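Colleague: Mind having a look at this structure? Questions to follow.
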Amino acid sequence: VKYNFDDLVTGPVALTAHWDVNKYLVTFNSDGGTTVGDQEVEYKATAKEPAPAPSKDGYTFKGWCLPDGTAYNFNDLVTGPVELTARWAKVSVLAFVVKDANGVVEGASVKLDGVTDAKPTDANGAAKFEGLEVGTAYSYTVSKEGYTPKGGSVTLTADMPPVEVTLEKPVTKVTVAFNAGEGRFADGSGQRTVKVDKDKPIPTDQVEEPTWEGHTLKEWRLNGVRYDFGTAVTGPIELTAGWTVNKYLVTFNSDGGTAVGDQEVEYKAKAKEP
């Protein structure tokens, strides 16, 4: 019972102090976000983390901090007034446009590290991730069956244009054999094979011209027909050298006598005596 000091003392009196626990105000400054009510918290009690968290258009909430910028721990005991301010991170949209050699690619999968769900590209080859933090670096992987996956990294900025990714189909190699016949290549062999990209013409730097004494390489033949090197190779082929024998002029100087006609004679053939 509260003691009344107007009472007259008629014997020994033992008085015990009665204490009221102090209460301190924990204020929440949402810094432009939705309003959060303040809390009155008893000494060495804990404040309750506001739920739901505040929201702010164009930003994501990152927690509450003390005036010195330190993140506040709601397990800390309150021993005096506390001023808390919301921390925000600006967010934007990270968009992708996926293409191949023929145009946009629909149905490709775009995966961001740290983001749970991959996004498929639409009919315009586009996929977008909303609400991502500006200034954050994101690694991405773009994949689709029939193409070689492609990855990269990008740091998101505000109003960033779409990231363009070009997918390529895996390169299949096919064998092209060159048969020089009686001719020889630089290494002394009569056969040479190269690997070239399927569905593309044979690169000119892959075509070595053999030599054959007394002969000139006229063409390369496929199944006996002159081969067109502008043709795309769709499977293994063997090309055979087509040779022409060289001809040499044998001239006759009659030294004042009757004229004798010259002769054109093939390599290792015989001239005819006039």
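Note on naming: chains are A, B, ... as they come in the structure tokens, residues start from 1 per chain, ligands start from 1 in the order shown.
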Could you produce a table of the residues of range 115-196 of chain A lying within 8 Å of range 99-107 of chain A, with the nearest pair of atoms per residue and their separation in Å rounded to one decimal, using only C-alpha atoms, ordered by chain and increasing residue number, as CSV?
Modeller:
residue,atom,partner,partner_atom,distance
A:Pro120,CA,A:Gly107,CA,5.3
A:Thr121,CA,A:Gly107,CA,5.0
A:Asp122,CA,A:Glu106,CA,5.2
A:Ala123,CA,A:Glu106,CA,5.1
A:Asn124,CA,A:Val104,CA,6.2
A:Gly125,CA,A:Val105,CA,4.9
A:Ala126,CA,A:Glu106,CA,7.8
A:Lys144,CA,A:Gly107,CA,7.3
A:Glu164,CA,A:Lys99,CA,7.5
A:Val165,CA,A:Lys99,CA,6.2
A:Thr166,CA,A:Lys99,CA,4.7
A:Leu167,CA,A:Asp100,CA,5.0
A:Glu168,CA,A:Asp100,CA,6.1
Colleague: With only C-alpha atoms as the counted atoms, please give the residues lying no more than 9 Å from Trp64 in chain A, apart from itself and same-chain residues fewer than 2 positions off, as a PyMOL selection string.
Modeller: chain A and resi 28-30+49+61-62+66+69-73+84-87
Colleague: Save out the residues we just selected, C-alpha atoms, as a tab-separated table (two decimals), in the first residue's frame.
Modeller:
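The result, written out as selection.tsv:
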chain	number	residue	atom	x	y	z
A	28	PHE	CA	10.22	4.67	-37.26
A	29	ASN	CA	11.04	7.05	-40.11
A	30	SER	CA	10.01	5.32	-43.35
A	49	GLU	CA	9.88	-5.41	-36.03
A	61	PHE	CA	12.90	-2.31	-48.42
A	62	LYS	CA	16.30	-3.29	-46.96
A	66	LEU	CA	20.24	3.60	-36.59
A	69	GLY	CA	23.73	3.76	-40.57
A	70	THR	CA	24.13	0.54	-38.59
A	71	ALA	CA	21.48	-2.08	-39.23
A	72	TYR	CA	19.19	-2.40	-36.20
A	73	ASN	CA	18.84	-5.76	-34.46
A	84	LEU	CA	15.12	4.09	-36.72
A	85	THR	CA	15.11	4.98	-40.42
A	86	ALA	CA	14.12	2.73	-43.29
A	87	ARG	CA	16.81	1.70	-45.74
Colleague: Using only C-alpha atoms, can you tell me which of A:Pro274, A:Arg192, A:Asn253, A:Pro161 comes closest to Glu238 in chain A?
Modeller: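 Among the listed residues, the smallest separation from Glu238 in chain A belongs to A:Arg192.
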Colleague: Please extract the residues of range 174-265 of chain A with a backbone DSSP assignment of strand (DSSP E or B) and present them as a PDB file with N, CA, C and O atoms, in the first residue's frame.
Modeller:
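Final output, selection.pdb:
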ATOM      1  N   VAL A 174      32.235 -32.016 -90.451  1.00  0.00           N
ATOM      2  CA  VAL A 174      32.199 -33.141 -91.380  1.00  0.00           C
ATOM      3  C   VAL A 174      33.562 -33.240 -92.060  1.00  0.00           C
ATOM      4  O   VAL A 174      34.325 -32.273 -92.116  1.00  0.00           O
ATOM      5  N   THR A 175      33.847 -34.434 -92.564  1.00  0.00           N
ATOM      6  CA  THR A 175      35.149 -34.697 -93.173  1.00  0.00           C
ATOM      7  C   THR A 175      35.100 -34.482 -94.674  1.00  0.00           C
ATOM      8  O   THR A 175      34.190 -34.962 -95.357  1.00  0.00           O
ATOM      9  N   VAL A 176      36.090 -33.750 -95.173  1.00  0.00           N
ATOM     10  CA  VAL A 176      36.287 -33.593 -96.614  1.00  0.00           C
ATOM     11  C   VAL A 176      37.651 -34.201 -96.947  1.00  0.00           C
ATOM     12  O   VAL A 176      38.678 -33.791 -96.391  1.00  0.00           O
ATOM     13  N   ALA A 177      37.649 -35.196 -97.833  1.00  0.00           N
ATOM     14  CA  ALA A 177      38.895 -35.848 -98.252  1.00  0.00           C
ATOM     15  C   ALA A 177      39.287 -35.330 -99.627  1.00  0.00           C
ATOM     16  O   ALA A 177      38.450 -35.205-100.528  1.00  0.00           O
ATOM     17  N   PHE A 178      40.556 -35.013 -99.784  1.00  0.00           N
ATOM     18  CA  PHE A 178      41.100 -34.576-101.068  1.00  0.00           C
ATOM     19  C   PHE A 178      42.040 -35.676-101.585  1.00  0.00           C
ATOM     20  O   PHE A 178      43.014 -36.034-100.910  1.00  0.00           O
ATOM     21  N   ASN A 179      41.708 -36.221-102.747  1.00  0.00           N
ATOM     22  CA  ASN A 179      42.513 -37.269-103.377  1.00  0.00           C
ATOM     23  C   ASN A 179      43.240 -36.645-104.561  1.00  0.00           C
ATOM     24  O   ASN A 179      42.623 -36.268-105.550  1.00  0.00           O
ATOM     25  N   ARG A 184      50.840 -34.811-105.631  1.00  0.00           N
ATOM     26  CA  ARG A 184      51.276 -34.874-104.245  1.00  0.00           C
ATOM     27  C   ARG A 184      51.085 -33.511-103.568  1.00  0.00           C
ATOM     28  O   ARG A 184      51.259 -32.456-104.193  1.00  0.00           O
ATOM     29  N   GLN A 191      46.920 -38.019-100.286  1.00  0.00           N
ATOM     30  CA  GLN A 191      45.603 -37.871 -99.671  1.00  0.00           C
ATOM     31  C   GLN A 191      45.691 -36.817 -98.571  1.00  0.00           C
ATOM     32  O   GLN A 191      46.702 -36.727 -97.868  1.00  0.00           O
ATOM     33  N   ARG A 192      44.629 -36.065 -98.437  1.00  0.00           N
ATOM     34  CA  ARG A 192      44.570 -35.064 -97.364  1.00  0.00           C
ATOM     35  C   ARG A 192      43.121 -34.950 -96.913  1.00  0.00           C
ATOM     36  O   ARG A 192      42.205 -34.889 -97.742  1.00  0.00           O
ATOM     37  N   THR A 193      42.880 -34.929 -95.578  1.00  0.00           N
ATOM     38  CA  THR A 193      41.521 -34.766 -95.061  1.00  0.00           C
ATOM     39  C   THR A 193      41.477 -33.556 -94.135  1.00  0.00           C
ATOM     40  O   THR A 193      42.445 -33.269 -93.419  1.00  0.00           O
ATOM     41  N   VAL A 194      40.347 -32.873 -94.169  1.00  0.00           N
ATOM     42  CA  VAL A 194      40.130 -31.723 -93.290  1.00  0.00           C
ATOM     43  C   VAL A 194      38.735 -31.827 -92.692  1.00  0.00           C
ATOM     44  O   VAL A 194      37.853 -32.489 -93.242  1.00  0.00           O
ATOM     45  N   LYS A 195      38.554 -31.177 -91.547  1.00  0.00           N
ATOM     46  CA  LYS A 195      37.244 -31.085 -90.913  1.00  0.00           C
ATOM     47  C   LYS A 195      36.694 -29.682 -91.160  1.00  0.00           C
ATOM     48  O   LYS A 195      37.369 -28.684 -90.897  1.00  0.00           O
ATOM     49  N   VAL A 196      35.476 -29.621 -91.666  1.00  0.00           N
ATOM     50  CA  VAL A 196      34.850 -28.322 -91.954  1.00  0.00           C
ATOM     51  C   VAL A 196      33.474 -28.267 -91.313  1.00  0.00           C
ATOM     52  O   VAL A 196      32.894 -29.296 -90.950  1.00  0.00           O
ATOM     53  N   ASP A 197      32.944 -27.051 -91.161  1.00  0.00           N
ATOM     54  CA  ASP A 197      31.622 -26.862 -90.575  1.00  0.00           C
ATOM     55  C   ASP A 197      30.536 -27.403 -91.491  1.00  0.00           C
ATOM     56  O   ASP A 197      30.523 -27.098 -92.699  1.00  0.00           O
ATOM     57  N   LYS A 200      28.082 -25.445 -94.377  1.00  0.00           N
ATOM     58  CA  LYS A 200      28.793 -24.254 -94.847  1.00  0.00           C
ATOM     59  C   LYS A 200      29.757 -24.671 -95.959  1.00  0.00           C
ATOM     60  O   LYS A 200      30.181 -25.828 -96.017  1.00  0.00           O
ATOM     61  N   THR A 211      50.603 -30.825-106.515  1.00  0.00           N
ATOM     62  CA  THR A 211      51.374 -30.665-107.755  1.00  0.00           C
ATOM     63  C   THR A 211      51.661 -32.032-108.357  1.00  0.00           C
ATOM     64  O   THR A 211      51.736 -33.051-107.646  1.00  0.00           O
ATOM     65  N   HIS A 215      51.949 -31.689-115.234  1.00  0.00           N
ATOM     66  CA  HIS A 215      50.490 -31.586-115.258  1.00  0.00           C
ATOM     67  C   HIS A 215      50.027 -30.321-114.532  1.00  0.00           C
ATOM     68  O   HIS A 215      50.745 -29.770-113.689  1.00  0.00           O
ATOM     69  N   THR A 216      48.842 -29.896-114.861  1.00  0.00           N
ATOM     70  CA  THR A 216      48.219 -28.729-114.225  1.00  0.00           C
ATOM     71  C   THR A 216      46.884 -29.157-113.620  1.00  0.00           C
ATOM     72  O   THR A 216      46.096 -29.863-114.279  1.00  0.00           O
ATOM     73  N   LEU A 217      46.684 -28.735-112.360  1.00  0.00           N
ATOM     74  CA  LEU A 217      45.400 -29.051-111.717  1.00  0.00           C
ATOM     75  C   LEU A 217      44.307 -28.207-112.372  1.00  0.00           C
ATOM     76  O   LEU A 217      44.330 -26.983-112.329  1.00  0.00           O
ATOM     77  N   LYS A 218      43.350 -28.883-112.956  1.00  0.00           N
ATOM     78  CA  LYS A 218      42.267 -28.198-113.656  1.00  0.00           C
ATOM     79  C   LYS A 218      41.088 -27.910-112.731  1.00  0.00           C
ATOM     80  O   LYS A 218      40.502 -26.820-112.748  1.00  0.00           O
ATOM     81  N   GLU A 219      40.755 -28.901-111.878  1.00  0.00           N
ATOM     82  CA  GLU A 219      39.574 -28.764-111.027  1.00  0.00           C
ATOM     83  C   GLU A 219      39.559 -29.883-109.998  1.00  0.00           C
ATOM     84  O   GLU A 219      40.333 -30.835-110.076  1.00  0.00           O
ATOM     85  N   TRP A 220      38.682 -29.728-109.026  1.00  0.00           N
ATOM     86  CA  TRP A 220      38.370 -30.820-108.104  1.00  0.00           C
ATOM     87  C   TRP A 220      37.018 -31.382-108.502  1.00  0.00           C
ATOM     88  O   TRP A 220      36.110 -30.630-108.867  1.00  0.00           O
ATOM     89  N   ARG A 221      36.890 -32.716-108.420  1.00  0.00           N
ATOM     90  CA  ARG A 221      35.661 -33.362-108.885  1.00  0.00           C
ATOM     91  C   ARG A 221      35.024 -34.179-107.764  1.00  0.00           C
ATOM     92  O   ARG A 221      35.714 -34.824-106.973  1.00  0.00           O
ATOM     93  N   LEU A 222      33.706 -34.125-107.730  1.00  0.00           N
ATOM     94  CA  LEU A 222      32.912 -34.954-106.835  1.00  0.00           C
ATOM     95  C   LEU A 222      32.081 -35.890-107.691  1.00  0.00           C
ATOM     96  O   LEU A 222      31.242 -35.432-108.480  1.00  0.00           O
ATOM     97  N   VAL A 225      32.204 -35.060-111.340  1.00  0.00           N
ATOM     98  CA  VAL A 225      31.672 -33.769-111.798  1.00  0.00           C
ATOM     99  C   VAL A 225      32.432 -32.637-111.108  1.00  0.00           C
ATOM    100  O   VAL A 225      32.749 -32.733-109.918  1.00  0.00           O
ATOM    101  N   ARG A 226      32.713 -31.584-111.857  1.00  0.00           N
ATOM    102  CA  ARG A 226      33.432 -30.438-111.312  1.00  0.00           C
ATOM    103  C   ARG A 226      32.740 -29.953-110.035  1.00  0.00           C
ATOM    104  O   ARG A 226      31.526 -29.745-110.014  1.00  0.00           O
ATOM    105  N   VAL A 233      28.562 -27.910 -97.504  1.00  0.00           N
ATOM    106  CA  VAL A 233      28.853 -29.330 -97.283  1.00  0.00           C
ATOM    107  C   VAL A 233      27.862 -29.874 -96.256  1.00  0.00           C
ATOM    108  O   VAL A 233      27.772 -29.376 -95.140  1.00  0.00           O
ATOM    109  N   ILE A 237      32.501 -35.991 -97.786  1.00  0.00           N
ATOM    110  CA  ILE A 237      32.678 -36.097 -99.238  1.00  0.00           C
ATOM    111  C   ILE A 237      34.148 -36.361 -99.542  1.00  0.00           C
ATOM    112  O   ILE A 237      35.031 -36.076 -98.726  1.00  0.00           O
ATOM    113  N   GLU A 238      34.401 -36.914-100.736  1.00  0.00           N
ATOM    114  CA  GLU A 238      35.769 -37.080-101.227  1.00  0.00           C
ATOM    115  C   GLU A 238      35.876 -36.386-102.573  1.00  0.00           C
ATOM    116  O   GLU A 238      35.088 -36.655-103.490  1.00  0.00           O
ATOM    117  N   LEU A 239      36.840 -35.492-102.673  1.00  0.00           N
ATOM    118  CA  LEU A 239      37.085 -34.761-103.912  1.00  0.00           C
ATOM    119  C   LEU A 239      38.341 -35.309-104.569  1.00  0.00           C
ATOM    120  O   LEU A 239      39.346 -35.569-103.900  1.00  0.00           O
ATOM    121  N   THR A 240      38.258 -35.489-105.868  1.00  0.00           N
ATOM    122  CA  THR A 240      39.380 -36.042-106.630  1.00  0.00           C
ATOM    123  C   THR A 240      39.933 -34.981-107.570  1.00  0.00           C
ATOM    124  O   THR A 240      39.172 -34.259-108.228  1.00  0.00           O
ATOM    125  N   ALA A 241      41.247 -34.898-107.630  1.00  0.00           N
ATOM    126  CA  ALA A 241      41.897 -33.903-108.493  1.00  0.00           C
ATOM    127  C   ALA A 241      41.678 -34.251-109.956  1.00  0.00           C
ATOM    128  O   ALA A 241      41.799 -35.413-110.357  1.00  0.00           O
ATOM    129  N   GLY A 242      41.337 -33.240-110.720  1.00  0.00           N
ATOM    130  CA  GLY A 242      41.230 -33.405-112.166  1.00  0.00           C
ATOM    131  C   GLY A 242      42.422 -32.719-112.831  1.00  0.00           C
ATOM    132  O   GLY A 242      42.601 -31.510-112.687  1.00  0.00           O
ATOM    133  N   TRP A 243      43.252 -33.513-113.509  1.00  0.00           N
ATOM    134  CA  TRP A 243      44.501 -32.989-114.062  1.00  0.00           C
ATOM    135  C   TRP A 243      44.412 -32.858-115.580  1.00  0.00           C
ATOM    136  O   TRP A 243      43.716 -33.619-116.242  1.00  0.00           O
ATOM    137  N   THR A 244      45.172 -31.914-116.109  1.00  0.00           N
ATOM    138  CA  THR A 244      45.405 -31.844-117.561  1.00  0.00           C
ATOM    139  C   THR A 244      46.910 -31.946-117.785  1.00  0.00           C
ATOM    140  O   THR A 244      47.702 -31.381-117.014  1.00  0.00           O
ATOM    141  N   VAL A 245      47.289 -32.724-118.796  1.00  0.00           N
ATOM    142  CA  VAL A 245      48.706 -32.880-119.092  1.00  0.00           C
ATOM    143  C   VAL A 245      49.207 -31.613-119.779  1.00  0.00           C
ATOM    144  O   VAL A 245      48.526 -31.019-120.625  1.00  0.00           O
ATOM    145  N   LYS A 247      51.326 -29.281-122.308  1.00  0.00           N
ATOM    146  CA  LYS A 247      51.796 -29.388-123.689  1.00  0.00           C
ATOM    147  C   LYS A 247      52.897 -28.370-123.912  1.00  0.00           C
ATOM    148  O   LYS A 247      52.851 -27.263-123.362  1.00  0.00           O
ATOM    149  N   TYR A 248      53.889 -28.777-124.703  1.00  0.00           N
ATOM    150  CA  TYR A 248      55.048 -27.916-124.944  1.00  0.00           C
ATOM    151  C   TYR A 248      55.230 -27.733-126.454  1.00  0.00           C
ATOM    152  O   TYR A 248      54.955 -28.644-127.251  1.00  0.00           O
ATOM    153  N   LEU A 249      55.720 -26.570-126.836  1.00  0.00           N
ATOM    154  CA  LEU A 249      55.881 -26.233-128.252  1.00  0.00           C
ATOM    155  C   LEU A 249      57.267 -26.658-128.736  1.00  0.00           C
ATOM    156  O   LEU A 249      58.296 -26.304-128.139  1.00  0.00           O
ATOM    157  N   VAL A 250      57.260 -27.445-129.781  1.00  0.00           N
ATOM    158  CA  VAL A 250      58.510 -27.834-130.457  1.00  0.00           C
ATOM    159  C   VAL A 250      58.573 -27.023-131.755  1.00  0.00           C
ATOM    160  O   VAL A 250      57.712 -27.170-132.627  1.00  0.00           O
ATOM    161  N   GLN A 263      55.236 -27.995-133.637  1.00  0.00           N
ATOM    162  CA  GLN A 263      54.398 -29.060-133.074  1.00  0.00           C
ATOM    163  C   GLN A 263      54.127 -28.788-131.587  1.00  0.00           C
ATOM    164  O   GLN A 263      55.015 -28.321-130.873  1.00  0.00           O
ATOM    165  N   GLU A 264      52.908 -29.065-131.136  1.00  0.00           N
ATOM    166  CA  GLU A 264      52.564 -28.987-129.713  1.00  0.00           C
ATOM    167  C   GLU A 264      52.539 -30.422-129.186  1.00  0.00           C
ATOM    168  O   GLU A 264      51.731 -31.243-129.649  1.00  0.00           O
ATOM    169  N   VAL A 265      53.449 -30.713-128.269  1.00  0.00           N
ATOM    170  CA  VAL A 265      53.645 -32.090-127.835  1.00  0.00           C
ATOM    171  C   VAL A 265      53.359 -32.202-126.332  1.00  0.00           C
ATOM    172  O   VAL A 265      53.832 -31.378-125.541  1.00  0.00           O
TER     173      VAL A 265
END
Colleague: Neighbours of Val91 in chain A within 7 Å (only C-alpha atoms; same-chain residues fewer than 3 positions away dropped), as a PyMOL selection string?
Modeller: chain A and resi 58-60+131-134
Colleague: Generate a file of the selected residues that holds N, CA, C and O atoms, formatted as a PDB file, in the first residue's frame.
Modeller:
ATOM      1  N   GLY A  58       9.167   1.999 -56.622  1.00  0.00           N
ATOM      2  CA  GLY A  58      10.471   2.059 -57.261  1.00  0.00           C
ATOM      3  C   GLY A  58      11.623   1.637 -56.377  1.00  0.00           C
ATOM      4  O   GLY A  58      12.783   1.749 -56.771  1.00  0.00           O
ATOM      5  N   TYR A  59      11.311   1.143 -55.177  1.00  0.00           N
ATOM      6  CA  TYR A  59      12.362   0.751 -54.240  1.00  0.00           C
ATOM      7  C   TYR A  59      11.988  -0.569 -53.567  1.00  0.00           C
ATOM      8  O   TYR A  59      10.817  -0.938 -53.519  1.00  0.00           O
ATOM      9  N   THR A  60      13.000  -1.239 -53.046  1.00  0.00           N
ATOM     10  CA  THR A  60      12.773  -2.412 -52.217  1.00  0.00           C
ATOM     11  C   THR A  60      13.299  -2.126 -50.815  1.00  0.00           C
ATOM     12  O   THR A  60      14.344  -1.477 -50.646  1.00  0.00           O
ATOM     13  N   GLY A 131      11.820  -5.571 -60.354  1.00  0.00           N
ATOM     14  CA  GLY A 131      12.111  -5.397 -58.938  1.00  0.00           C
ATOM     15  C   GLY A 131      13.520  -5.761 -58.533  1.00  0.00           C
ATOM     16  O   GLY A 131      13.763  -6.112 -57.378  1.00  0.00           O
ATOM     17  N   LEU A 132      14.468  -5.689 -59.460  1.00  0.00           N
ATOM     18  CA  LEU A 132      15.856  -5.994 -59.133  1.00  0.00           C
ATOM     19  C   LEU A 132      16.593  -4.726 -58.707  1.00  0.00           C
ATOM     20  O   LEU A 132      16.298  -3.622 -59.181  1.00  0.00           O
ATOM     21  N   GLU A 133      17.567  -4.888 -57.829  1.00  0.00           N
ATOM     22  CA  GLU A 133      18.260  -3.741 -57.250  1.00  0.00           C
ATOM     23  C   GLU A 133      19.237  -3.117 -58.239  1.00  0.00           C
ATOM     24  O   GLU A 133      20.067  -3.800 -58.842  1.00  0.00           O
ATOM     25  N   VAL A 134      19.108  -1.812 -58.393  1.00  0.00           N
ATOM     26  CA  VAL A 134      20.031  -1.053 -59.231  1.00  0.00           C
ATOM     27  C   VAL A 134      21.418  -1.085 -58.591  1.00  0.00           C
ATOM     28  O   VAL A 134      21.572  -1.004 -57.373  1.00  0.00           O
TER      29      VAL A 134
END
Colleague: Would you compute the distance between CA of Cys65 in chain A and CA of Val36 in chain A? Give it in Å to one decimal.
Modeller: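 CA of Cys65 in chain A sits 14.2 Å away from CA of Val36 in chain A.
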Colleague: What's around Ala51 in chain A at 12 Å? Count only C-alpha atoms, leave out sequence neighbours fewer than 5 positions away in its own chain, and write the answer as number ranges by chain.
Modeller: A: 34-37, 63
Colleague: Could you save the residues just selected, with N, CA, C and O atoms, as a PDB file, in the first residue's frame?
Modeller:
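again.pdb, freshly written:
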ATOM      1  N   THR A  34       5.559   3.966 -46.868  1.00  0.00           N
ATOM      2  CA  THR A  34       4.293   3.968 -46.125  1.00  0.00           C
ATOM      3  C   THR A  34       4.579   4.145 -44.629  1.00  0.00           C
ATOM      4  O   THR A  34       5.623   3.733 -44.124  1.00  0.00           O
ATOM      5  N   THR A  35       3.608   4.764 -43.934  1.00  0.00           N
ATOM      6  CA  THR A  35       3.798   5.122 -42.529  1.00  0.00           C
ATOM      7  C   THR A  35       3.876   3.890 -41.636  1.00  0.00           C
ATOM      8  O   THR A  35       3.118   2.926 -41.795  1.00  0.00           O
ATOM      9  N   VAL A  36       4.784   3.954 -40.661  1.00  0.00           N
ATOM     10  CA  VAL A  36       4.926   2.906 -39.654  1.00  0.00           C
ATOM     11  C   VAL A  36       4.787   3.562 -38.282  1.00  0.00           C
ATOM     12  O   VAL A  36       5.461   4.559 -37.992  1.00  0.00           O
ATOM     13  N   GLY A  37       3.907   3.048 -37.446  1.00  0.00           N
ATOM     14  CA  GLY A  37       3.663   3.635 -36.135  1.00  0.00           C
ATOM     15  C   GLY A  37       4.835   3.444 -35.173  1.00  0.00           C
ATOM     16  O   GLY A  37       5.543   2.438 -35.224  1.00  0.00           O
ATOM     17  N   GLY A  63      15.511  -2.891 -44.678  1.00  0.00           N
ATOM     18  CA  GLY A  63      15.619  -3.000 -43.226  1.00  0.00           C
ATOM     19  C   GLY A  63      15.668  -1.641 -42.553  1.00  0.00           C
ATOM     20  O   GLY A  63      15.528  -0.591 -43.184  1.00  0.00           O
TER      21      GLY A  63
END
Colleague: Of the candidates A:Phe229, A:Gly135, A:Glu182, A:Leu15, which one gets nearest to Gln206 in chain A if we count only C-alpha atoms?
Modeller: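 Comparing A:Phe229, A:Gly135, A:Glu182, A:Leu15 against Gln206 in chain A, the winner is A:Phe229.
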Colleague: Looking at only C-alpha atoms, which of A:Gly80, A:Gly151, A:Pro67, A:Gly214 is the one that sits closest to Tyr24 in chain A?
Modeller: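 Of A:Gly80, A:Gly151, A:Pro67, A:Gly214, the one nearest Tyr24 in chain A, counting only C-alpha atoms, is A:Gly80.
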Colleague: My list of candidates is A:Asp113, A:Glu130, A:Asp68, A:Glu208. Which is closest to Ser92 in chain A when distances are computed with only C-alpha atoms?
Modeller: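 That would be A:Glu130, the residue with the smallest distance to Ser92 in chain A.
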